[in-house]
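Asks: My structure is below; once you've seen it, I'll send some questions.
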Amino acid sequence: MLASLVGFLGDFDKAEDAAQEAFAIAAERWPASGLPPNPGAWLVTTARNRAIDRIRRERTLAGKIHLLPAPEAVMDEFDDSAIDDSAIKDERLELIFTCCHPALPLDGQVALTLRALGGLETAEIARAFLVSEETMKRRLTRAKTKIKATGIPFAVPGAHLLPDRVDAVLAVIYLIFNEGYSGRVDLAAEAISLGRVLAMLMPDQPEAHGLLALMMIHHARRRARFSGQDGEDLVLLEDQDRSLWDMPQIAAGRAVLDRAIALGGRGAYVIQAAIASLQTAEAVDWPQVAELYRRLADLTGSAVVELNRAAALAQAGDPAAALRAVDRLDLDGYLYFHSTRGELLRRLGRDAEARTAYGRALELATTTPERRFLTRRLDQL
Amino acid sequence: MQYALMIYAEPGYAETLPQAEREAVLAEFAELLDDPRCVASAQLQPAETATCVRVAGGRTLMTDGPFADTKEVLGGLFLLEAANLDEVLEVAARVPATRFGGVVEVRPVVAR
């Protein structure tokens, strides 16, 4: 509803005001008159009409609003039966590209996407990101002000800009997902529903499907990732209780992945989703996982991906080769570099060195589950 | 809407380019100037010609050199009339300096 209003009015604040007004009218009328045949379309039409009324009152603004000259139905005097959802253009895609415009600061993109597309309240977003409501309000206002002041368009970018801009949208959704993945489950679910909307609106973009598949498969394992009374213990993939996995969601994620691959998807999200899918198989094909990490490393040039490839090599039965690969990496400030080295050294029977590596990882740990996990490992040596 | 495109580049970057490349850069600039959306433009003399002026306590203080001491200096600017930011960003990415470590700062101009 908001997307359609922002598209129509070209202004976030006006769209929000109009939507609120329409809901207020509905709350007043519907209990007496009953629901209109199509409540969604009724709300949008009412909100548009209210907005037009308001704009007419504020004549000076008239020049700034596109589409205004077209006189719409007189306030609320339209025929309910004539409205259906298909008459209201789905402009969520335009809204996504506006909210995730790279000219906006990243934290603003994230906040605005959750507010405008996810429909979250400012206070909810503030809680999710552990900032005060006041701070989040300012962040949203800054983003909306920049959209207006700089003329960020409410449009799907042209073909030559599209690949980069789709990447930007995917990055925002994945960032929201990862915020949720580190414990705040609501955001992960929110990211998945945003991913679903994007894949639906851009059915030919393999990476949109790749990201959705990746998030679904990861999310399906969420209940198995932590154990203990308050989820204070981190559980590694190989030790996870598979009965806690959401198998229907994994299957659904795999179906989305198949679609991405059928579209010719070979990008970073598709590869990561393929890895996630392999890792949830009955027997994990670790050489294949290592191969996919190699492709991902080629694409991203990321040392962290190389580290994952090394871990997969170890799982495939070659810890010595894995350790050689790890020791080539320059990741001294990264916890998982040291914990992976520790694990490899332990498997190779080099306990003293393993202890040193785990000790270094423990120094870098920031969360309770991480600390408890590493302490357990040290105790086992 | 009007936008200012301010081009920051390392001084003299064009002179160090091979002949063919330098000619290509000039041709690209000429093309930008010919764009009907280009309202005004200015190429600035080197930063060594800059003088900074301040007034303190009724006295005018002048110092030599550009305001900020960075490797990239303001070398020129365009004023562009465009429908929205994306249109301007597309033009900005065609400014040759951006390929050689330079930066274009895009700012909307206050409407009068």
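Within each chain, counting starts at residue 1; across the structure tokens, chains are named A, B, ... in the order shown, with ligands numbered 1 upward in that order.
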Show which residues sit within 7 Å of Asp246 (chain A), as a PDB file with N, CA and C atoms, in the first residue's frame. Count only C-alpha atoms, and ignore same-chain residues fewer than 3 positions away.
Replies:
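Listed below is the output, result.pdb:
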```pdb
ATOM      1  N   ALA A 220      16.510 -22.348   8.179  1.00  0.00           N
ATOM      2  CA  ALA A 220      15.905 -23.632   8.540  1.00  0.00           C
ATOM      3  C   ALA A 220      16.709 -24.349   9.635  1.00  0.00           C
ATOM      4  N   ARG A 221      17.978 -23.942   9.792  1.00  0.00           N
ATOM      5  CA  ARG A 221      18.819 -24.603  10.799  1.00  0.00           C
ATOM      6  C   ARG A 221      18.925 -23.805  12.092  1.00  0.00           C
ATOM      7  N   GLN A 249      11.344 -26.377   5.013  1.00  0.00           N
ATOM      8  CA  GLN A 249      11.927 -25.119   4.550  1.00  0.00           C
ATOM      9  C   GLN A 249      13.222 -25.354   3.763  1.00  0.00           C
ATOM     10  N   ILE A 250      13.993 -26.361   4.172  1.00  0.00           N
ATOM     11  CA  ILE A 250      15.206 -26.685   3.404  1.00  0.00           C
ATOM     12  C   ILE A 250      14.810 -27.128   1.993  1.00  0.00           C
TER      13      ILE A 250
END
```
Asks: Tell me which protein, DNA and RNA residues are within 10 Å of region 46-59 of chain B, counting only C-alpha atoms, leaving out same-chain ones fewer than 3 positions away, and put them as a VMD selection string.
Replies: chain B and resid 11 to 12 43 62 to 67 72 to 76
Asks: Please determine the contact residues of chain A with respect to chain B at a cut-off of 9 Å, counting only C-alpha atoms, and supply them as a count of residues only.
Replies: 8
Asks: So which residues touch Glu31 (chain B) within 12 Å, counting only C-alpha atoms, skipping near sequence neighbours fewer than 4 positions away, as a VMD selection string?
Replies: chain B and resid 24 to 27 35 to 38 91 94 to 96
Asks: Quick one: residues within 12 Å of region 311-325 of chain A, only C-alpha atoms, excluding same-chain residues fewer than 6 positions away - as a tab-separated table (two decimals) with N, CA and C atoms, in the first residue's frame?
Replies:
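Result file result-v2.tsv:
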```tsv
chain	number	residue	atom	x	y	z
A	237	LEU	N	28.05	-27.20	12.70
A	237	LEU	CA	27.20	-27.90	11.73
A	237	LEU	C	27.20	-29.42	11.95
A	238	GLU	N	28.41	-30.01	12.08
A	238	GLU	CA	28.47	-31.47	12.15
A	238	GLU	C	27.89	-32.02	13.47
A	275	ILE	N	26.25	-24.20	-1.56
A	275	ILE	CA	27.06	-24.73	-0.45
A	275	ILE	C	26.15	-25.07	0.73
A	278	LEU	N	24.32	-28.26	0.00
A	278	LEU	CA	25.18	-29.45	0.14
A	278	LEU	C	25.41	-29.78	1.61
A	279	GLN	N	25.58	-28.73	2.42
A	279	GLN	CA	25.89	-28.95	3.84
A	279	GLN	C	24.71	-29.51	4.62
A	283	ALA	N	24.59	-37.07	3.61
A	283	ALA	CA	26.04	-37.20	3.72
A	283	ALA	C	26.65	-36.04	2.93
A	284	VAL	N	27.44	-35.21	3.62
A	284	VAL	CA	27.95	-34.00	2.96
A	284	VAL	C	29.09	-34.34	2.00
A	285	ASP	N	28.99	-33.84	0.79
A	285	ASP	CA	30.02	-34.04	-0.23
A	285	ASP	C	31.08	-32.93	-0.06
A	286	TRP	N	32.01	-33.15	0.87
A	286	TRP	CA	32.97	-32.08	1.21
A	286	TRP	C	33.89	-31.69	0.06
A	287	PRO	N	34.38	-32.63	-0.78
A	287	PRO	CA	35.20	-32.17	-1.91
A	287	PRO	C	34.42	-31.19	-2.80
A	288	GLN	N	33.13	-31.46	-2.99
A	288	GLN	CA	32.31	-30.57	-3.80
A	288	GLN	C	32.13	-29.20	-3.11
A	289	VAL	N	31.95	-29.23	-1.78
A	289	VAL	CA	31.84	-27.98	-1.02
A	289	VAL	C	33.13	-27.16	-1.18
A	290	ALA	N	34.29	-27.86	-1.08
A	290	ALA	CA	35.57	-27.17	-1.22
A	290	ALA	C	35.69	-26.54	-2.61
A	291	GLU	N	35.22	-27.28	-3.62
A	291	GLU	CA	35.27	-26.78	-5.00
A	291	GLU	C	34.41	-25.51	-5.15
A	292	LEU	N	33.23	-25.53	-4.54
A	292	LEU	CA	32.36	-24.35	-4.63
A	292	LEU	C	32.98	-23.16	-3.89
A	293	TYR	N	33.63	-23.42	-2.75
A	293	TYR	CA	34.32	-22.33	-2.05
A	293	TYR	C	35.44	-21.76	-2.92
A	294	ARG	N	36.09	-22.65	-3.69
A	294	ARG	CA	37.15	-22.16	-4.57
A	294	ARG	C	36.56	-21.18	-5.61
A	303	ALA	N	39.55	-13.57	1.66
A	303	ALA	CA	40.38	-14.49	2.44
A	303	ALA	C	39.51	-15.34	3.36
A	304	VAL	N	38.40	-14.78	3.80
A	304	VAL	CA	37.49	-15.54	4.68
A	304	VAL	C	36.91	-16.74	3.92
A	305	VAL	N	36.62	-16.53	2.64
A	305	VAL	CA	36.12	-17.63	1.82
A	305	VAL	C	37.21	-18.70	1.66
A	336	TYR	N	37.86	-16.69	13.60
A	336	TYR	CA	37.69	-18.01	13.00
A	336	TYR	C	38.95	-18.50	12.28
A	337	PHE	N	39.86	-17.57	11.96
A	337	PHE	CA	41.17	-17.98	11.44
A	337	PHE	C	41.88	-18.82	12.51
A	338	HIS	N	41.89	-18.29	13.73
A	338	HIS	CA	42.62	-18.98	14.80
A	338	HIS	C	41.89	-20.24	15.26
A	339	SER	N	40.55	-20.19	15.31
A	339	SER	CA	39.83	-21.39	15.75
A	339	SER	C	39.95	-22.50	14.70
A	340	THR	N	39.96	-22.14	13.42
A	340	THR	CA	40.14	-23.15	12.37
A	340	THR	C	41.54	-23.76	12.44
A	341	ARG	N	42.54	-22.89	12.63
A	341	ARG	CA	43.91	-23.41	12.77
A	341	ARG	C	43.99	-24.34	13.97
A	342	GLY	N	43.37	-23.93	15.08
A	342	GLY	CA	43.37	-24.76	16.29
A	342	GLY	C	42.81	-26.14	16.01
A	343	GLU	N	41.69	-26.15	15.32
A	343	GLU	CA	41.02	-27.41	15.01
A	343	GLU	C	41.89	-28.30	14.11
A	344	LEU	N	42.51	-27.68	13.11
A	344	LEU	CA	43.36	-28.45	12.19
A	344	LEU	C	44.59	-29.00	12.92
A	345	LEU	N	45.19	-28.17	13.75
A	345	LEU	CA	46.38	-28.61	14.50
A	345	LEU	C	46.01	-29.74	15.45
A	346	ARG	N	44.82	-29.64	16.07
A	346	ARG	CA	44.35	-30.70	16.97
A	346	ARG	C	44.23	-32.02	16.21
A	347	ARG	N	43.63	-31.94	15.01
A	347	ARG	CA	43.45	-33.16	14.23
A	347	ARG	C	44.79	-33.76	13.81
A	348	LEU	N	45.79	-32.89	13.64
A	348	LEU	CA	47.11	-33.37	13.22
A	348	LEU	C	47.95	-33.80	14.43
A	349	GLY	N	47.33	-33.77	15.61
A	349	GLY	CA	48.03	-34.21	16.82
A	349	GLY	C	49.03	-33.20	17.37
A	350	ARG	N	48.97	-31.95	16.90
A	350	ARG	CA	49.92	-30.94	17.39
A	350	ARG	C	49.23	-30.13	18.49
A	354	ALA	N	47.89	-26.21	18.92
A	354	ALA	CA	46.44	-26.06	18.87
A	354	ALA	C	45.97	-25.21	20.04
```
Asks: If you run DSSP on the backbone here, which positions in chain B get strand (DSSP E or B)? Please write them as number ranges by chain.
Replies: B: 2-9, 38-43, 51-56, 59-64, 73-81, 103-108
Asks: For the residues in that selection, give me N, CA and C atoms as a compact mmCIF listing (two decimals), in the first residue's frame.
Replies:
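Resulting contents of again_13.txt:
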```txt
# COMPACT_ATOMS: atom_id res chain seq x y z
N GLN B 2 18.69 21.13 -10.79
CA GLN B 2 20.06 21.39 -11.21
C GLN B 2 21.05 20.77 -10.23
N TYR B 3 22.12 20.24 -10.80
CA TYR B 3 23.13 19.58 -9.99
C TYR B 3 24.51 20.15 -10.33
N ALA B 4 25.36 20.24 -9.31
CA ALA B 4 26.76 20.60 -9.54
C ALA B 4 27.59 19.32 -9.51
N LEU B 5 28.44 19.16 -10.50
CA LEU B 5 29.39 18.04 -10.53
C LEU B 5 30.77 18.63 -10.32
N MET B 6 31.35 18.38 -9.17
CA MET B 6 32.66 18.94 -8.87
C MET B 6 33.72 17.86 -9.02
N ILE B 7 34.69 18.17 -9.88
CA ILE B 7 35.67 17.14 -10.24
C ILE B 7 36.95 17.33 -9.45
N TYR B 8 37.28 16.32 -8.65
CA TYR B 8 38.52 16.33 -7.89
C TYR B 8 39.47 15.32 -8.54
N ALA B 9 40.68 15.79 -8.86
CA ALA B 9 41.63 14.87 -9.47
C ALA B 9 43.04 15.25 -9.06
N CYS B 38 24.01 20.13 -20.06
CA CYS B 38 25.10 20.87 -19.40
C CYS B 38 24.82 22.36 -19.46
N VAL B 39 24.53 22.96 -18.31
CA VAL B 39 24.13 24.37 -18.24
C VAL B 39 25.35 25.28 -18.21
N ALA B 40 26.38 24.87 -17.50
CA ALA B 40 27.59 25.68 -17.38
C ALA B 40 28.74 24.78 -16.99
N SER B 41 29.94 25.23 -17.25
CA SER B 41 31.10 24.44 -16.85
C SER B 41 32.29 25.36 -16.67
N ALA B 42 33.26 24.91 -15.93
CA ALA B 42 34.48 25.68 -15.75
C ALA B 42 35.63 24.74 -15.47
N GLN B 43 36.74 24.98 -16.16
CA GLN B 43 37.95 24.24 -15.82
C GLN B 43 38.85 25.21 -15.06
N THR B 51 44.26 31.23 -4.03
CA THR B 51 44.47 32.09 -2.86
C THR B 51 43.27 31.93 -1.95
N CYS B 52 43.51 31.69 -0.68
CA CYS B 52 42.40 31.56 0.26
C CYS B 52 42.23 32.86 1.03
N VAL B 53 40.99 33.28 1.19
CA VAL B 53 40.69 34.56 1.85
C VAL B 53 39.84 34.31 3.08
N ARG B 54 40.24 34.90 4.20
CA ARG B 54 39.40 34.87 5.41
C ARG B 54 39.34 36.29 5.96
N VAL B 55 38.27 36.56 6.71
CA VAL B 55 38.22 37.85 7.39
C VAL B 55 38.12 37.60 8.88
N ALA B 56 39.04 38.16 9.65
CA ALA B 56 39.03 37.99 11.10
C ALA B 56 39.30 39.34 11.74
N ARG B 59 40.02 42.30 9.60
CA ARG B 59 41.18 42.26 8.69
C ARG B 59 41.03 41.11 7.70
N THR B 60 41.43 41.37 6.49
CA THR B 60 41.38 40.33 5.47
C THR B 60 42.71 39.57 5.47
N LEU B 61 42.58 38.24 5.67
CA LEU B 61 43.80 37.42 5.70
C LEU B 61 43.86 36.59 4.44
N MET B 62 45.00 36.63 3.79
CA MET B 62 45.14 35.86 2.56
C MET B 62 46.27 34.85 2.72
N THR B 63 45.98 33.64 2.27
CA THR B 63 47.05 32.63 2.26
C THR B 63 47.11 31.99 0.89
N ASP B 64 48.30 31.50 0.62
CA ASP B 64 48.53 30.86 -0.66
C ASP B 64 48.01 29.43 -0.63
N VAL B 73 42.65 17.64 -5.97
CA VAL B 73 42.17 19.01 -5.80
C VAL B 73 41.04 19.27 -6.79
N LEU B 74 40.22 20.27 -6.44
CA LEU B 74 39.12 20.65 -7.31
C LEU B 74 39.70 21.18 -8.62
N GLY B 75 39.36 20.52 -9.71
CA GLY B 75 39.94 20.90 -10.99
C GLY B 75 38.95 21.54 -11.94
N GLY B 76 37.65 21.36 -11.64
CA GLY B 76 36.66 21.93 -12.53
C GLY B 76 35.28 21.54 -12.09
N LEU B 77 34.28 22.12 -12.72
CA LEU B 77 32.91 21.74 -12.37
C LEU B 77 31.95 21.90 -13.53
N PHE B 78 30.91 21.13 -13.45
CA PHE B 78 29.79 21.22 -14.40
C PHE B 78 28.53 21.58 -13.64
N LEU B 79 27.64 22.30 -14.29
CA LEU B 79 26.27 22.43 -13.79
C LEU B 79 25.39 21.69 -14.77
N LEU B 80 24.56 20.80 -14.23
CA LEU B 80 23.78 19.94 -15.10
C LEU B 80 22.31 20.06 -14.75
N GLU B 81 21.47 20.13 -15.78
CA GLU B 81 20.03 20.13 -15.56
C GLU B 81 19.56 18.70 -15.83
N VAL B 103 37.67 11.82 -8.35
CA VAL B 103 36.34 11.68 -7.76
C VAL B 103 35.45 12.82 -8.26
N VAL B 104 34.20 12.51 -8.53
CA VAL B 104 33.24 13.58 -8.84
C VAL B 104 32.24 13.66 -7.70
N GLU B 105 32.15 14.84 -7.09
CA GLU B 105 31.16 15.04 -6.04
C GLU B 105 29.92 15.64 -6.67
N VAL B 106 28.77 15.00 -6.45
CA VAL B 106 27.51 15.46 -7.03
C VAL B 106 26.67 16.09 -5.95
N ARG B 107 26.25 17.34 -6.15
CA ARG B 107 25.39 17.99 -5.16
C ARG B 107 24.27 18.71 -5.87
N PRO B 108 23.04 18.54 -5.37
CA PRO B 108 21.95 19.32 -5.95
C PRO B 108 22.14 20.80 -5.64
```
Asks: Kindly give the distance, in Å, that separates CA of Gly102 (chain B) and CA of Glu10 (chain B), rounded to a single decimal.
Replies: 6.6 Å
Asks: Could you pull out all residues of region 16-79 of chain B with a DSSP call of helix (DSSP H, G or I) and give them as JSON, numbers by chain?
Replies: {"B": [16, 19, 20, 21, 22, 23, 24, 25, 26, 27, 28, 29, 30, 31, 32, 33, 34, 47, 48, 49]}
Asks: If you count only C-alpha atoms, which residues fall within 9 Å of Ser193 (chain A), apart from same-chain ones fewer than 5 positions away, as a PyMOL selection string?
Replies: chain A and resi 118+188+198+212
Asks: With N, CA and C atoms retained, export the selected residues as a PDB file, in the first residue's frame.
Replies:
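Done, and the output landed in selection-v9.pdb:
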```pdb
ATOM      1  N   GLY A 118       9.085  -3.366   4.914  1.00  0.00           N
ATOM      2  CA  GLY A 118       8.752  -4.352   5.934  1.00  0.00           C
ATOM      3  C   GLY A 118       7.594  -3.903   6.796  1.00  0.00           C
ATOM      4  N   ALA A 188      15.633 -11.823  10.646  1.00  0.00           N
ATOM      5  CA  ALA A 188      15.935 -12.842   9.643  1.00  0.00           C
ATOM      6  C   ALA A 188      14.658 -13.196   8.885  1.00  0.00           C
ATOM      7  N   LEU A 198      11.264  -9.669  -3.556  1.00  0.00           N
ATOM      8  CA  LEU A 198      12.189  -9.304  -4.630  1.00  0.00           C
ATOM      9  C   LEU A 198      12.239 -10.389  -5.712  1.00  0.00           C
ATOM     10  N   LEU A 212      17.539 -15.654  -1.775  1.00  0.00           N
ATOM     11  CA  LEU A 212      16.370 -16.184  -1.067  1.00  0.00           C
ATOM     12  C   LEU A 212      16.628 -17.626  -0.630  1.00  0.00           C
TER      13      LEU A 212
END
```
Asks: What is the distance between CA of Phe129 (chain A) and CA of Leu331 (chain A), in Å to one decimal?
Replies: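 Computing the Euclidean distance for CA of Phe129 (chain A) and CA of Leu331 (chain A) yields 27.2 Å.
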